[in-house]
Structures are given as C-alpha cells and as structure tokens.
Amino acid sequence: MANANLNISVIPTRMLKESEAASYTGLPAKHFKNICPVQPVQMRPGTNLWDKRDLDKWIDAMKEGAEMATQDAILGKL
C-alpha cells in the first residue's frame, strides 16, 4: 500500500461569533450575553464578534477573584 502525506494547516480564529464565544467560555448560548460582560466588536454593521483575548482576561479575572476569596477565607480561619 502506498503512503500518502496530508498537510493540513489550521489558522486559529481570534474573533468569535456569539455562539462560538459562548462555547469557548463554556456558557450556554442562551445565557451568554446576559452573563458575559465582555463587549463585542462590531466588525461591520450587524456583525458583532467577541475577541478571545478579552474573554480570556474576563475568565482570568474571575479566577483571581475566586483565589482571593479562598485566601481570605483561609486567613479568616487562622
């Protein structure tokens, strides 16, 4: 049997549609806009896209807040 090479290149997408952004954050699409404070970028009239970097910053900020709350709870018990 002959060997075949398949070259596939994938270009990562930075800007996401609403459903993609919801999926990226792990939120249900029907709740995404109500929960997520990240504002979309209007690339052209009627086309709103969310920047992955902004979504990452929001998620990281929530994680830092959770870590601080946990640290405060631990210190409060000392």
# chains A, B, ... in the order shown; residues from 1 in each chain; ligands from 1

call {"tool": "residues_around", "arguments": {"residues": "Ser19 of chain A", "least_positions_apart": "5", "cutoff": "12 Å", "atoms": "only C-alpha atoms", "output": "ChimeraX atom specification"}}
result
/A:24-33,48-50

call {"tool": "write_last_selection", "arguments": {"atoms": "N, CA and C atoms", "output": "compact mmCIF listing (two decimals), in the first residue's frame"}}
result
# COMPACT_ATOMS: atom_id res chain seq x y z
N TYR A 24 -16.80 28.71 23.71
CA TYR A 24 -15.42 28.92 24.16
C TYR A 24 -15.35 29.13 25.67
N THR A 25 -16.33 29.86 26.22
CA THR A 25 -16.34 30.14 27.65
C THR A 25 -17.02 29.04 28.45
N GLY A 26 -17.69 28.13 27.77
CA GLY A 26 -18.39 27.06 28.46
C GLY A 26 -19.77 27.44 28.96
N LEU A 27 -20.28 28.57 28.48
CA LEU A 27 -21.60 29.04 28.89
C LEU A 27 -22.66 28.62 27.89
N PRO A 28 -23.89 28.41 28.35
CA PRO A 28 -24.97 28.14 27.40
C PRO A 28 -25.20 29.36 26.51
N ALA A 29 -25.41 29.14 25.24
CA ALA A 29 -25.58 30.24 24.29
C ALA A 29 -26.74 31.16 24.68
N LYS A 30 -27.80 30.59 25.26
CA LYS A 30 -28.97 31.42 25.59
C LYS A 30 -28.70 32.33 26.78
N HIS A 31 -27.66 32.07 27.57
CA HIS A 31 -27.34 32.91 28.72
C HIS A 31 -26.08 33.74 28.53
N PHE A 32 -25.35 33.49 27.48
CA PHE A 32 -24.03 34.10 27.29
C PHE A 32 -24.06 35.62 27.38
N LYS A 33 -24.91 36.28 26.61
CA LYS A 33 -24.92 37.75 26.58
C LYS A 33 -25.35 38.35 27.91
N ASN A 48 -21.30 41.40 15.03
CA ASN A 48 -20.62 41.53 16.31
C ASN A 48 -19.79 40.28 16.56
N LEU A 49 -18.53 40.49 16.93
CA LEU A 49 -17.62 39.39 17.21
C LEU A 49 -16.92 39.63 18.54
N TRP A 50 -16.68 38.54 19.28
CA TRP A 50 -16.01 38.62 20.57
C TRP A 50 -14.56 38.23 20.40

call {"tool": "residues_around", "arguments": {"residues": "segment 37-40 of chain A", "least_positions_apart": "3", "cutoff": "12 Å", "atoms": "only C-alpha atoms", "output": "JSON, numbers by chain"}}
result
{"A": [15, 16, 17, 18, 21, 22, 25, 31, 32, 33, 34, 43, 44, 46, 47, 48, 49, 50, 51, 52, 53, 54, 55, 56, 57, 58, 59, 61, 62]}

call {"tool": "write_last_selection", "arguments": {"atoms": "C-alpha atoms", "output": "tab-separated table (two decimals), in the first residue's frame"}}
result
chain	number	residue	atom	x	y	z
A	15	MET	CA	-12.68	36.72	16.76
A	16	LEU	CA	-15.70	34.58	17.59
A	17	LYS	CA	-19.38	34.69	16.73
A	18	GLU	CA	-21.76	34.76	19.70
A	21	ALA	CA	-17.82	32.71	22.18
A	22	ALA	CA	-20.42	31.03	24.39
A	25	THR	CA	-16.34	30.14	27.65
A	31	HIS	CA	-27.34	32.91	28.72
A	32	PHE	CA	-24.03	34.10	27.29
A	33	LYS	CA	-24.92	37.75	26.58
A	34	ASN	CA	-26.60	38.16	29.98
A	43	MET	CA	-16.55	44.49	12.60
A	44	ARG	CA	-19.11	45.79	10.14
A	46	GLY	CA	-24.69	43.93	12.04
A	47	THR	CA	-21.63	41.75	12.67
A	48	ASN	CA	-20.62	41.53	16.31
A	49	LEU	CA	-17.62	39.39	17.21
A	50	TRP	CA	-16.01	38.62	20.57
A	51	ASP	CA	-12.24	38.75	20.97
A	52	LYS	CA	-10.76	35.61	22.55
A	53	ARG	CA	-8.19	37.73	24.38
A	54	ASP	CA	-10.92	39.80	26.05
A	55	LEU	CA	-12.78	36.63	27.01
A	56	ASP	CA	-9.57	35.18	28.45
A	57	LYS	CA	-8.99	38.34	30.53
A	58	TRP	CA	-12.52	38.13	31.93
A	59	ILE	CA	-12.11	34.46	32.83
A	61	ALA	CA	-10.11	37.96	36.47
A	62	MET	CA	-12.87	35.70	37.77

call {"tool": "select_by_dssp", "arguments": {"residues": "chain A", "states": "helix (DSSP H, G or I)", "output": "ChimeraX atom specification"}}
result
/A:18-25,29-35,52-77

call {"tool": "atom_distance", "arguments": {"atom1": "atom CA of Thr13 of chain A", "atom2": "atom CA of Cys36 of chain A"}}
result
19.5 Å

call {"tool": "atom_distance", "arguments": {"atom1": "atom CA of Pro45 of chain A", "atom2": "atom CA of Arg14 of chain A"}}
result
19.0 Å

call {"tool": "select_by_dssp", "arguments": {"residues": "chain A", "states": "strand (DSSP E or B)", "output": "PyMOL selection string"}}
result
chain A and resi 15-16+41-44+47-51

call {"tool": "write_last_selection", "arguments": {"atoms": "N, CA and C atoms", "output": "tab-separated table (two decimals), in the first residue's frame"}}
result
chain	number	residue	atom	x	y	z
A	15	MET	N	-11.37	36.12	16.57
A	15	MET	CA	-12.68	36.72	16.76
A	15	MET	C	-13.75	35.65	16.61
A	16	LEU	N	-14.69	35.63	17.55
A	16	LEU	CA	-15.70	34.58	17.59
A	16	LEU	C	-17.11	35.13	17.46
A	41	VAL	N	-17.04	43.38	19.40
A	41	VAL	CA	-16.51	44.36	18.46
A	41	VAL	C	-17.38	44.30	17.21
A	42	GLN	N	-17.85	45.47	16.77
A	42	GLN	CA	-18.67	45.50	15.56
A	42	GLN	C	-17.72	45.63	14.38
A	43	MET	N	-17.50	44.52	13.70
A	43	MET	CA	-16.55	44.49	12.60
A	43	MET	C	-17.10	45.21	11.37
A	44	ARG	N	-18.39	45.05	11.16
A	44	ARG	CA	-19.11	45.79	10.14
A	44	ARG	C	-20.56	45.85	10.63
A	47	THR	N	-22.52	42.88	12.40
A	47	THR	CA	-21.63	41.75	12.67
A	47	THR	C	-20.85	42.02	13.95
A	48	ASN	N	-21.30	41.40	15.03
A	48	ASN	CA	-20.62	41.53	16.31
A	48	ASN	C	-19.79	40.28	16.56
A	49	LEU	N	-18.53	40.49	16.93
A	49	LEU	CA	-17.62	39.39	17.21
A	49	LEU	C	-16.92	39.63	18.54
A	50	TRP	N	-16.68	38.54	19.28
A	50	TRP	CA	-16.01	38.62	20.57
A	50	TRP	C	-14.56	38.23	20.40
A	51	ASP	N	-13.67	38.99	21.04
A	51	ASP	CA	-12.24	38.75	20.97
A	51	ASP	C	-11.86	37.71	22.04
